[in-house]
Every structure is written in C-alpha cells, then in structure tokens.
Amino acid sequence: VTSNENSPISEPIQSVASDELVPSAPIPTAAALAICSGAWLIPGLGHVLLGRWIRGLIFTACVFVMFIMGLAMHGKLYGLEFEIPLQVFALIANLGTGVLYLIAKYLGFGIGAMTSQSYDYGTTFLWVAGLLNFLIILDVFDIARGRKP
Amino acid sequence: MNLSHFEALVMFALIVSTVFALITKNGPREQFRYGVFVFLSFLAVALAVGWIMYPLPL
C-alpha cells in the first residue's frame, strides 16, 4: 500500500493491486518503436519487455489460439496477389500476426479449403488475430511513451 | 476442427473481449467487468441478429 506524502490526509490512495495503474516514465521514441517491432514479430512480447508480464502472456495466448484455430478451421492466409488488388487488405490483416504468419506460410499452412464448412470462420479468425495484434502494438506504444499504465 | 457456429462464436467473443478489456481498461476489476460485458454483448447481438434473419428466405 502506498500513500500520498503530500496529501494532508494520510490515507492510502492506491491499493497493492493497483500499483500498475501508475504510468511509467516515457522511454525514447526509437526504443518504443523497437519494442513495437518486437511486439509485432511475437504477439505479447512488447508487454513482456515493458514489464507487463501477465498482460503480455494473456495477449500471446489470445493471438496464438485465434491464429491456430483459424488454421485448424481451414482458413486462408493471403499473400501478395496483384491480380486482385483488394486482397492487400486481407494480407495486411494477416501480417499482423508477425512471425506466426511467416512460419505458417513457410510451412505451407493456410492454403484455405473453400469446400470446408468452417473456411469462412477460419479466414476471419486469421484476420482478427492479426488485427488484434495491431491493437496490442498500439497499446505497447502508449505504455512505452508513458501515456497509460 | 469442426466447431458449430455457436462454438466458433463463443471462442471468437471470448478472445476478442479479453483483448479489448485488457487494452481499454486499467484496473483488474474494471477489466473483468468490461470483458464480461463485451463477451455477453457479442453473444446477445449475434443471437438477436440470428433470430431476426431466421424467417428470411435464403
């Protein structure tokens, strides 16, 4: 339990559980961007590097589970296809998962079986896994710059 | 993996609501309450929209 020394009232203003509510000192932009790059490559790594272990591990689990479920449901991982330009948006969403996307593509996963009943669901799971990681990266940047606890 | 539509919806809602709660709220209690709210909202809206579409011809 911490107390506010400047306050005339000597009551504690924060509980132990809310210690993390205090924003940390901002780190330089270049270092923040480097941490964001790590957070992109491995979902959750950014929070771990900033000392938010539990949050980071939960984010890792969420993105990994969603990505693996997407593959298991025969979803499609998009590549760069110039014939269909609008697919670039799907590619950007997929790229959000960082190293997961690269490994899955390298191993030949994510071909996408359109005959599968769960194809659409799987593809959506793969998109959302990447998009969630983009949100997580923005959260990492805000924490690193001291804008939020 | 053969999940029913509802099971896929539940998994989707669970993961997304967890991430939303952790990103948007700070305290553990706030995060839990918001996560439960978002999760239940996902399910409620999906069920409502499903029933609205039910009488429509395919």
# chains A, B, ... in the order shown; residues from 1 in each chain; ligands from 1
>>> interface_residues(of="chain A", to="chain B", cutoff="10 Å", atoms="only C-alpha atoms", output="JSON, numbers by chain")
{"A": [17, 18, 19, 20, 21, 22, 55, 56, 58, 59, 61, 62, 63, 65, 66, 69, 70, 71, 72, 73, 74, 116, 117, 118, 121, 122, 124, 125, 128, 129, 132, 133, 135, 136, 138, 139, 140, 148, 149]}
>>> write_last_selection(atoms="N, CA, C and O atoms", output="short mmCIF file (atom, residue, chain, number, x, y, z; two decimals), in the first residue's frame")
data_model
loop_
_atom_site.label_atom_id
_atom_site.label_comp_id
_atom_site.auth_asym_id
_atom_site.auth_seq_id
_atom_site.Cartn_x
_atom_site.Cartn_y
_atom_site.Cartn_z
N ALA A 17 -3.04 -3.88 -5.46
CA ALA A 17 -3.47 -4.40 -6.76
C ALA A 17 -3.42 -3.35 -7.84
O ALA A 17 -3.33 -3.66 -9.02
N SER A 18 -3.47 -2.07 -7.45
CA SER A 18 -3.50 -1.03 -8.47
C SER A 18 -2.15 -0.36 -8.64
O SER A 18 -2.06 0.74 -9.17
N ASP A 19 -1.08 -1.00 -8.19
CA ASP A 19 0.25 -0.43 -8.38
C ASP A 19 0.54 -0.19 -9.85
O ASP A 19 1.21 0.77 -10.21
N GLU A 20 0.00 -1.05 -10.69
CA GLU A 20 0.28 -0.97 -12.11
C GLU A 20 -0.45 0.19 -12.77
O GLU A 20 -0.25 0.48 -13.93
N LEU A 21 -1.33 0.85 -12.02
CA LEU A 21 -2.11 1.94 -12.59
C LEU A 21 -1.28 3.19 -12.84
O LEU A 21 -1.71 4.08 -13.52
N VAL A 22 -0.11 3.26 -12.27
CA VAL A 22 0.73 4.43 -12.44
C VAL A 22 1.51 4.29 -13.75
O VAL A 22 2.23 3.32 -13.93
N ARG A 55 -0.18 -9.44 -18.60
CA ARG A 55 -0.91 -8.94 -19.76
C ARG A 55 -0.27 -9.47 -21.05
O ARG A 55 -0.96 -9.89 -21.98
N GLY A 56 1.04 -9.45 -21.10
CA GLY A 56 1.74 -9.92 -22.29
C GLY A 56 1.46 -11.39 -22.58
O GLY A 56 1.20 -11.77 -23.72
N ILE A 58 -1.10 -13.13 -21.59
CA ILE A 58 -2.51 -13.30 -22.00
C ILE A 58 -2.68 -12.91 -23.47
O ILE A 58 -3.35 -13.62 -24.24
N PHE A 59 -2.04 -11.82 -23.88
CA PHE A 59 -2.13 -11.41 -25.29
C PHE A 59 -1.51 -12.47 -26.20
O PHE A 59 -2.04 -12.79 -27.26
N ALA A 61 -1.29 -15.66 -25.64
CA ALA A 61 -2.21 -16.80 -25.70
C ALA A 61 -3.40 -16.50 -26.61
O ALA A 61 -3.78 -17.34 -27.44
N CYS A 62 -3.95 -15.28 -26.49
CA CYS A 62 -5.12 -14.93 -27.30
C CYS A 62 -4.80 -14.98 -28.79
O CYS A 62 -5.54 -15.59 -29.58
N VAL A 63 -3.71 -14.34 -29.19
CA VAL A 63 -3.39 -14.27 -30.61
C VAL A 63 -3.00 -15.66 -31.13
O VAL A 63 -3.43 -16.08 -32.22
N VAL A 65 -3.89 -18.65 -29.95
CA VAL A 65 -5.07 -19.53 -30.01
C VAL A 65 -5.94 -19.17 -31.20
O VAL A 65 -6.38 -20.05 -31.95
N MET A 66 -6.15 -17.86 -31.39
CA MET A 66 -7.01 -17.46 -32.51
C MET A 66 -6.37 -17.84 -33.85
O MET A 66 -7.05 -18.30 -34.76
N MET A 69 -6.51 -21.69 -34.26
CA MET A 69 -7.89 -22.10 -34.55
C MET A 69 -8.26 -21.75 -35.99
O MET A 69 -8.94 -22.51 -36.67
N GLY A 70 -7.80 -20.60 -36.45
CA GLY A 70 -8.06 -20.21 -37.84
C GLY A 70 -7.47 -21.20 -38.83
O GLY A 70 -8.13 -21.58 -39.81
N LEU A 71 -6.24 -21.61 -38.55
CA LEU A 71 -5.62 -22.61 -39.44
C LEU A 71 -6.36 -23.95 -39.34
O LEU A 71 -6.58 -24.62 -40.36
N ALA A 72 -6.72 -24.33 -38.12
CA ALA A 72 -7.41 -25.61 -37.93
C ALA A 72 -8.78 -25.63 -38.58
O ALA A 72 -9.29 -26.70 -38.94
N MET A 73 -9.37 -24.45 -38.75
CA MET A 73 -10.67 -24.37 -39.41
C MET A 73 -10.53 -24.16 -40.91
O MET A 73 -11.46 -23.73 -41.57
N HIS A 74 -9.33 -24.43 -41.43
CA HIS A 74 -9.05 -24.38 -42.87
C HIS A 74 -9.17 -22.97 -43.43
O HIS A 74 -9.59 -22.78 -44.58
N SER A 116 -14.47 -26.53 -47.22
CA SER A 116 -14.68 -26.80 -45.81
C SER A 116 -15.80 -25.92 -45.26
O SER A 116 -15.91 -24.74 -45.61
N GLN A 117 -16.59 -26.49 -44.38
CA GLN A 117 -17.71 -25.75 -43.79
C GLN A 117 -17.21 -24.55 -42.98
O GLN A 117 -17.89 -23.54 -42.88
N SER A 118 -16.03 -24.69 -42.39
CA SER A 118 -15.53 -23.65 -41.50
C SER A 118 -14.52 -22.72 -42.17
O SER A 118 -13.83 -21.98 -41.48
N TYR A 121 -15.08 -18.99 -41.38
CA TYR A 121 -14.77 -18.74 -39.97
C TYR A 121 -13.26 -18.73 -39.76
O TYR A 121 -12.71 -17.87 -39.08
N GLY A 122 -12.60 -19.71 -40.32
CA GLY A 122 -11.16 -19.82 -40.16
C GLY A 122 -10.44 -18.61 -40.71
O GLY A 122 -9.53 -18.05 -40.06
N THR A 124 -11.67 -15.63 -41.10
CA THR A 124 -11.96 -14.49 -40.22
C THR A 124 -11.12 -14.55 -38.95
O THR A 124 -10.60 -13.53 -38.48
N PHE A 125 -10.97 -15.73 -38.39
CA PHE A 125 -10.12 -15.87 -37.20
C PHE A 125 -8.68 -15.42 -37.52
O PHE A 125 -8.05 -14.76 -36.70
N VAL A 128 -8.63 -11.59 -37.77
CA VAL A 128 -8.82 -10.92 -36.49
C VAL A 128 -7.61 -11.13 -35.57
O VAL A 128 -7.27 -10.22 -34.79
N ALA A 129 -6.96 -12.26 -35.67
CA ALA A 129 -5.74 -12.47 -34.87
C ALA A 129 -4.71 -11.38 -35.19
O ALA A 129 -4.10 -10.80 -34.29
N LEU A 132 -6.07 -7.86 -34.00
CA LEU A 132 -5.92 -7.72 -32.55
C LEU A 132 -4.48 -7.39 -32.19
O LEU A 132 -4.22 -6.59 -31.30
N ASN A 133 -3.56 -8.02 -32.89
CA ASN A 133 -2.15 -7.73 -32.56
C ASN A 133 -1.78 -6.29 -32.91
O ASN A 133 -0.94 -5.69 -32.24
N LEU A 135 -3.79 -3.78 -32.52
CA LEU A 135 -4.27 -3.03 -31.35
C LEU A 135 -3.32 -3.20 -30.17
O LEU A 135 -3.05 -2.25 -29.43
N ILE A 136 -2.81 -4.41 -30.01
CA ILE A 136 -1.88 -4.68 -28.91
C ILE A 136 -0.60 -3.86 -29.10
O ILE A 136 -0.04 -3.32 -28.14
N LEU A 138 -0.35 -0.95 -30.61
CA LEU A 138 -0.66 0.44 -30.25
C LEU A 138 -0.66 0.61 -28.73
O LEU A 138 -0.21 1.63 -28.20
N ASP A 139 -1.17 -0.40 -28.03
CA ASP A 139 -1.17 -0.36 -26.56
C ASP A 139 0.27 -0.34 -26.03
O ASP A 139 0.58 0.39 -25.09
N VAL A 140 1.11 -1.14 -26.65
CA VAL A 140 2.54 -1.16 -26.25
C VAL A 140 3.15 0.23 -26.41
O VAL A 140 3.87 0.72 -25.53
N LYS A 148 -0.19 5.67 -20.75
CA LYS A 148 -1.15 4.87 -19.97
C LYS A 148 -0.37 3.88 -19.12
O LYS A 148 0.78 3.56 -19.44
N PRO A 149 -0.99 3.41 -18.06
CA PRO A 149 -0.29 2.48 -17.17
C PRO A 149 -0.10 1.10 -17.80
O PRO A 149 -0.79 0.74 -18.71
#
>>> select_by_dssp(residues="range 9-98 of chain A", states="helix (DSSP H, G or I)", output="PyMOL selection string")
chain A and resi 16-21+29-41+45-49+53-72+87-95
>>> atom_distance(atom1="CA of Leu91 in chain A", atom2="CA of Lys105 in chain A")
11.8 Å
>>> residues_around(residues="range 23-27 of chain A", least_positions_apart="4", cutoff="12 Å", atoms="only C-alpha atoms", output="list in words")
Ser18, Asp19, Ala31, Ala32, Leu33, Ala34, Ile35, Leu50, Gly51, Arg52, Val140, Phe141, Asp142, Ile143, Ala144, Arg145, Gly146, Arg147, Lys148 and Pro149 of chain A; Asn26 of chain B
>>> write_last_selection(atoms="N, CA, C and O atoms", output="short mmCIF file (atom, residue, chain, number, x, y, z; two decimals), in the first residue's frame")
data_model
loop_
_atom_site.label_atom_id
_atom_site.label_comp_id
_atom_site.auth_asym_id
_atom_site.auth_seq_id
_atom_site.Cartn_x
_atom_site.Cartn_y
_atom_site.Cartn_z
N SER A 18 -3.47 -2.07 -7.45
CA SER A 18 -3.50 -1.03 -8.47
C SER A 18 -2.15 -0.36 -8.64
O SER A 18 -2.06 0.74 -9.17
N ASP A 19 -1.08 -1.00 -8.19
CA ASP A 19 0.25 -0.43 -8.38
C ASP A 19 0.54 -0.19 -9.85
O ASP A 19 1.21 0.77 -10.21
N ALA A 31 13.32 3.70 -29.04
CA ALA A 31 13.25 2.47 -28.24
C ALA A 31 11.82 1.94 -28.22
O ALA A 31 11.59 0.72 -28.30
N ALA A 32 10.86 2.87 -28.15
CA ALA A 32 9.45 2.44 -28.16
C ALA A 32 9.11 1.75 -29.48
O ALA A 32 8.41 0.72 -29.49
N LEU A 33 9.62 2.30 -30.58
CA LEU A 33 9.35 1.69 -31.88
C LEU A 33 10.03 0.33 -31.99
O LEU A 33 9.49 -0.60 -32.60
N ALA A 34 11.21 0.20 -31.40
CA ALA A 34 11.90 -1.10 -31.41
C ALA A 34 11.08 -2.13 -30.63
O ALA A 34 10.94 -3.29 -31.06
N ILE A 35 10.54 -1.71 -29.50
CA ILE A 35 9.71 -2.63 -28.71
C ILE A 35 8.44 -2.99 -29.49
O ILE A 35 7.99 -4.14 -29.47
N LEU A 50 8.10 -4.54 -21.46
CA LEU A 50 7.79 -3.38 -20.63
C LEU A 50 7.45 -3.76 -19.20
O LEU A 50 7.03 -2.92 -18.41
N GLY A 51 7.59 -5.04 -18.87
CA GLY A 51 7.36 -5.49 -17.51
C GLY A 51 5.93 -5.87 -17.21
O GLY A 51 5.60 -6.19 -16.07
N ARG A 52 5.05 -5.83 -18.21
CA ARG A 52 3.65 -6.25 -18.02
C ARG A 52 3.54 -7.73 -18.39
O ARG A 52 2.98 -8.07 -19.43
N VAL A 140 1.11 -1.14 -26.65
CA VAL A 140 2.54 -1.16 -26.25
C VAL A 140 3.15 0.23 -26.41
O VAL A 140 3.87 0.72 -25.53
N PHE A 141 2.85 0.87 -27.54
CA PHE A 141 3.43 2.20 -27.80
C PHE A 141 2.97 3.21 -26.76
O PHE A 141 3.77 4.01 -26.24
N ASP A 142 1.66 3.16 -26.44
CA ASP A 142 1.13 4.09 -25.44
C ASP A 142 1.79 3.87 -24.07
O ASP A 142 2.11 4.82 -23.37
N ILE A 143 1.96 2.61 -23.70
CA ILE A 143 2.60 2.31 -22.41
C ILE A 143 4.07 2.78 -22.42
O ILE A 143 4.53 3.40 -21.46
N ALA A 144 4.74 2.50 -23.52
CA ALA A 144 6.16 2.86 -23.61
C ALA A 144 6.36 4.37 -23.54
O ALA A 144 7.34 4.85 -22.99
N ARG A 145 5.41 5.12 -24.10
CA ARG A 145 5.54 6.58 -24.10
C ARG A 145 4.96 7.22 -22.85
O ARG A 145 4.85 8.44 -22.75
N GLY A 146 4.53 6.37 -21.91
CA GLY A 146 4.02 6.88 -20.63
C GLY A 146 2.63 7.47 -20.69
O GLY A 146 2.24 8.25 -19.83
N ARG A 147 1.88 7.12 -21.73
CA ARG A 147 0.53 7.69 -21.87
C ARG A 147 -0.51 6.92 -21.08
O ARG A 147 -1.60 7.41 -20.86
N LYS A 148 -0.19 5.67 -20.75
CA LYS A 148 -1.15 4.87 -19.97
C LYS A 148 -0.37 3.88 -19.12
O LYS A 148 0.78 3.56 -19.44
N PRO A 149 -0.99 3.41 -18.06
CA PRO A 149 -0.29 2.48 -17.17
C PRO A 149 -0.10 1.10 -17.80
O PRO A 149 -0.79 0.74 -18.71
N ASN B 26 -7.90 -0.32 -17.11
CA ASN B 26 -6.64 -0.43 -16.38
C ASN B 26 -6.70 -1.35 -15.16
O ASN B 26 -5.89 -2.25 -15.02
#
>>> closest_residue(among="A:Leu131, A:Ile54, A:Cys36, A:Leu41", to="Asn94 in chain A", atoms="only C-alpha atoms")
A:Leu131
>>> select_by_dssp(residues="chain A", states="strand (DSSP E or B)", output="ChimeraX atom specification")
/A:2-3,12-14,76,111
>>> write_last_selection(atoms="N, CA, C and O atoms", output="short mmCIF file (atom, residue, chain, number, x, y, z; two decimals), in the first residue's frame")
data_model
loop_
_atom_site.label_atom_id
_atom_site.label_comp_id
_atom_site.auth_asym_id
_atom_site.auth_seq_id
_atom_site.Cartn_x
_atom_site.Cartn_y
_atom_site.Cartn_z
N THR A 2 0.56 2.14 -0.90
CA THR A 2 1.33 3.38 -0.97
C THR A 2 0.46 4.53 -0.49
O THR A 2 -0.75 4.47 -0.51
N SER A 3 1.10 5.60 -0.04
CA SER A 3 0.34 6.76 0.41
C SER A 3 0.89 8.00 -0.24
O SER A 3 2.03 8.06 -0.67
N PRO A 12 -4.21 5.79 2.51
CA PRO A 12 -3.62 5.27 1.28
C PRO A 12 -4.49 5.63 0.08
O PRO A 12 -5.72 5.62 0.19
N ILE A 13 -3.87 5.99 -1.01
CA ILE A 13 -4.64 6.36 -2.19
C ILE A 13 -4.63 5.26 -3.24
O ILE A 13 -5.34 5.32 -4.21
N GLN A 14 -3.79 4.25 -3.07
CA GLN A 14 -3.76 3.17 -4.03
C GLN A 14 -3.64 1.86 -3.28
O GLN A 14 -2.99 1.78 -2.25
N LYS A 76 -7.77 -19.22 -44.76
CA LYS A 76 -6.77 -18.89 -45.77
C LYS A 76 -5.86 -17.77 -45.29
O LYS A 76 -6.33 -16.76 -44.75
N ILE A 111 -3.56 -22.63 -46.72
CA ILE A 111 -3.92 -22.63 -48.15
C ILE A 111 -5.40 -22.24 -48.30
O ILE A 111 -5.77 -21.53 -49.22
#
>>> atom_distance(atom1="CA of Thr29 in chain A", atom2="CA of Leu95 in chain A")
23.0 Å
>>> atom_distance(atom1="CA of Gly98 in chain A", atom2="CA of Ile42 in chain A")
6.3 Å
>>> decode(residues="range 84-96 of chain A", atoms="all heavy atoms", output="PDB file, in the first residue's frame")
ATOM      1  N   ILE A  84      -5.686  -9.405 -57.846  1.00  0.00           N
ATOM      2  CA  ILE A  84      -6.834  -8.973 -57.044  1.00  0.00           C
ATOM      3  C   ILE A  84      -6.318  -7.957 -56.016  1.00  0.00           C
ATOM      4  O   ILE A  84      -5.968  -8.322 -54.889  1.00  0.00           O
ATOM      5  CB  ILE A  84      -7.497 -10.178 -56.349  1.00  0.00           C
ATOM      6  CG1 ILE A  84      -7.696 -11.309 -57.341  1.00  0.00           C
ATOM      7  CG2 ILE A  84      -8.816  -9.770 -55.705  1.00  0.00           C
ATOM      8  CD1 ILE A  84      -8.157 -12.595 -56.716  1.00  0.00           C
ATOM      9  N   PRO A  85      -6.270  -6.665 -56.399  1.00  0.00           N
ATOM     10  CA  PRO A  85      -5.621  -5.659 -55.541  1.00  0.00           C
ATOM     11  C   PRO A  85      -6.262  -5.532 -54.158  1.00  0.00           C
ATOM     12  O   PRO A  85      -5.559  -5.269 -53.179  1.00  0.00           O
ATOM     13  CB  PRO A  85      -5.786  -4.357 -56.330  1.00  0.00           C
ATOM     14  CG  PRO A  85      -6.117  -4.760 -57.710  1.00  0.00           C
ATOM     15  CD  PRO A  85      -6.776  -6.092 -57.654  1.00  0.00           C
ATOM     16  N   LEU A  86      -7.587  -5.720 -54.067  1.00  0.00           N
ATOM     17  CA  LEU A  86      -8.240  -5.515 -52.774  1.00  0.00           C
ATOM     18  C   LEU A  86      -7.827  -6.559 -51.737  1.00  0.00           C
ATOM     19  O   LEU A  86      -8.073  -6.377 -50.543  1.00  0.00           O
ATOM     20  CB  LEU A  86      -9.757  -5.510 -52.945  1.00  0.00           C
ATOM     21  CG  LEU A  86     -10.332  -4.243 -53.588  1.00  0.00           C
ATOM     22  CD1 LEU A  86     -11.834  -4.362 -53.750  1.00  0.00           C
ATOM     23  CD2 LEU A  86      -9.997  -3.019 -52.744  1.00  0.00           C
ATOM     24  N   GLN A  87      -7.209  -7.629 -52.194  1.00  0.00           N
ATOM     25  CA  GLN A  87      -6.759  -8.637 -51.235  1.00  0.00           C
ATOM     26  C   GLN A  87      -5.605  -8.132 -50.383  1.00  0.00           C
ATOM     27  O   GLN A  87      -5.224  -8.783 -49.419  1.00  0.00           O
ATOM     28  CB  GLN A  87      -6.338  -9.915 -51.966  1.00  0.00           C
ATOM     29  CG  GLN A  87      -7.514 -10.753 -52.407  1.00  0.00           C
ATOM     30  CD  GLN A  87      -7.084 -12.142 -52.833  1.00  0.00           C
ATOM     31  OE1 GLN A  87      -5.913 -12.493 -52.765  1.00  0.00           O
ATOM     32  NE2 GLN A  87      -8.029 -12.933 -53.288  1.00  0.00           N
ATOM     33  N   VAL A  88      -5.064  -6.972 -50.741  1.00  0.00           N
ATOM     34  CA  VAL A  88      -3.964  -6.437 -49.953  1.00  0.00           C
ATOM     35  C   VAL A  88      -4.437  -6.148 -48.518  1.00  0.00           C
ATOM     36  O   VAL A  88      -3.653  -6.236 -47.563  1.00  0.00           O
ATOM     37  CB  VAL A  88      -3.367  -5.172 -50.619  1.00  0.00           C
ATOM     38  CG1 VAL A  88      -4.306  -3.983 -50.500  1.00  0.00           C
ATOM     39  CG2 VAL A  88      -2.030  -4.832 -50.003  1.00  0.00           C
ATOM     40  N   PHE A  89      -5.723  -5.819 -48.368  1.00  0.00           N
ATOM     41  CA  PHE A  89      -6.234  -5.563 -47.021  1.00  0.00           C
ATOM     42  C   PHE A  89      -6.234  -6.843 -46.179  1.00  0.00           C
ATOM     43  O   PHE A  89      -5.934  -6.827 -44.990  1.00  0.00           O
ATOM     44  CB  PHE A  89      -7.636  -4.955 -47.086  1.00  0.00           C
ATOM     45  CG  PHE A  89      -7.657  -3.615 -47.752  1.00  0.00           C
ATOM     46  CD1 PHE A  89      -8.240  -3.447 -48.998  1.00  0.00           C
ATOM     47  CD2 PHE A  89      -7.057  -2.519 -47.151  1.00  0.00           C
ATOM     48  CE1 PHE A  89      -8.248  -2.208 -49.619  1.00  0.00           C
ATOM     49  CE2 PHE A  89      -7.055  -1.277 -47.762  1.00  0.00           C
ATOM     50  CZ  PHE A  89      -7.654  -1.126 -49.005  1.00  0.00           C
ATOM     51  N   ALA A  90      -6.588  -7.941 -46.820  1.00  0.00           N
ATOM     52  CA  ALA A  90      -6.540  -9.228 -46.122  1.00  0.00           C
ATOM     53  C   ALA A  90      -5.097  -9.579 -45.768  1.00  0.00           C
ATOM     54  O   ALA A  90      -4.815 -10.112 -44.682  1.00  0.00           O
ATOM     55  CB  ALA A  90      -7.152 -10.318 -46.992  1.00  0.00           C
ATOM     56  N   LEU A  91      -4.182  -9.254 -46.698  1.00  0.00           N
ATOM     57  CA  LEU A  91      -2.768  -9.520 -46.433  1.00  0.00           C
ATOM     58  C   LEU A  91      -2.277  -8.699 -45.239  1.00  0.00           C
ATOM     59  O   LEU A  91      -1.566  -9.225 -44.370  1.00  0.00           O
ATOM     60  CB  LEU A  91      -1.945  -9.195 -47.681  1.00  0.00           C
ATOM     61  CG  LEU A  91      -0.424  -9.207 -47.502  1.00  0.00           C
ATOM     62  CD1 LEU A  91       0.061 -10.607 -47.132  1.00  0.00           C
ATOM     63  CD2 LEU A  91       0.277  -8.723 -48.758  1.00  0.00           C
ATOM     64  N   ILE A  92      -2.677  -7.428 -45.196  1.00  0.00           N
ATOM     65  CA  ILE A  92      -2.251  -6.573 -44.079  1.00  0.00           C
ATOM     66  C   ILE A  92      -2.770  -7.139 -42.753  1.00  0.00           C
ATOM     67  O   ILE A  92      -2.046  -7.204 -41.750  1.00  0.00           O
ATOM     68  CB  ILE A  92      -2.750  -5.124 -44.293  1.00  0.00           C
ATOM     69  CG1 ILE A  92      -1.997  -4.495 -45.460  1.00  0.00           C
ATOM     70  CG2 ILE A  92      -2.565  -4.287 -43.034  1.00  0.00           C
ATOM     71  CD1 ILE A  92      -2.568  -3.174 -45.923  1.00  0.00           C
ATOM     72  N   ALA A  93      -4.038  -7.566 -42.758  1.00  0.00           N
ATOM     73  CA  ALA A  93      -4.600  -8.156 -41.531  1.00  0.00           C
ATOM     74  C   ALA A  93      -3.829  -9.410 -41.139  1.00  0.00           C
ATOM     75  O   ALA A  93      -3.492  -9.607 -39.965  1.00  0.00           O
ATOM     76  CB  ALA A  93      -6.071  -8.477 -41.739  1.00  0.00           C
ATOM     77  N   ASN A  94      -3.513 -10.250 -42.112  1.00  0.00           N
ATOM     78  CA  ASN A  94      -2.760 -11.475 -41.820  1.00  0.00           C
ATOM     79  C   ASN A  94      -1.355 -11.164 -41.311  1.00  0.00           C
ATOM     80  O   ASN A  94      -0.850 -11.844 -40.413  1.00  0.00           O
ATOM     81  CB  ASN A  94      -2.656 -12.350 -43.064  1.00  0.00           C
ATOM     82  CG  ASN A  94      -3.933 -13.134 -43.352  1.00  0.00           C
ATOM     83  OD1 ASN A  94      -4.185 -13.535 -44.466  1.00  0.00           O
ATOM     84  ND2 ASN A  94      -4.750 -13.343 -42.338  1.00  0.00           N
ATOM     85  N   LEU A  95      -0.740 -10.135 -41.895  1.00  0.00           N
ATOM     86  CA  LEU A  95       0.636  -9.795 -41.497  1.00  0.00           C
ATOM     87  C   LEU A  95       0.734  -9.343 -40.041  1.00  0.00           C
ATOM     88  O   LEU A  95       1.814  -9.363 -39.456  1.00  0.00           O
ATOM     89  CB  LEU A  95       1.189  -8.701 -42.415  1.00  0.00           C
ATOM     90  CG  LEU A  95       1.707  -9.157 -43.774  1.00  0.00           C
ATOM     91  CD1 LEU A  95       2.069  -7.947 -44.627  1.00  0.00           C
ATOM     92  CD2 LEU A  95       2.928 -10.060 -43.607  1.00  0.00           C
ATOM     93  N   GLY A  96      -0.383  -8.948 -39.475  1.00  0.00           N
ATOM     94  CA  GLY A  96      -0.376  -8.501 -38.087  1.00  0.00           C
ATOM     95  C   GLY A  96       0.101  -9.552 -37.110  1.00  0.00           C
ATOM     96  O   GLY A  96       0.547  -9.224 -36.009  1.00  0.00           O
TER      97      GLY A  96
END
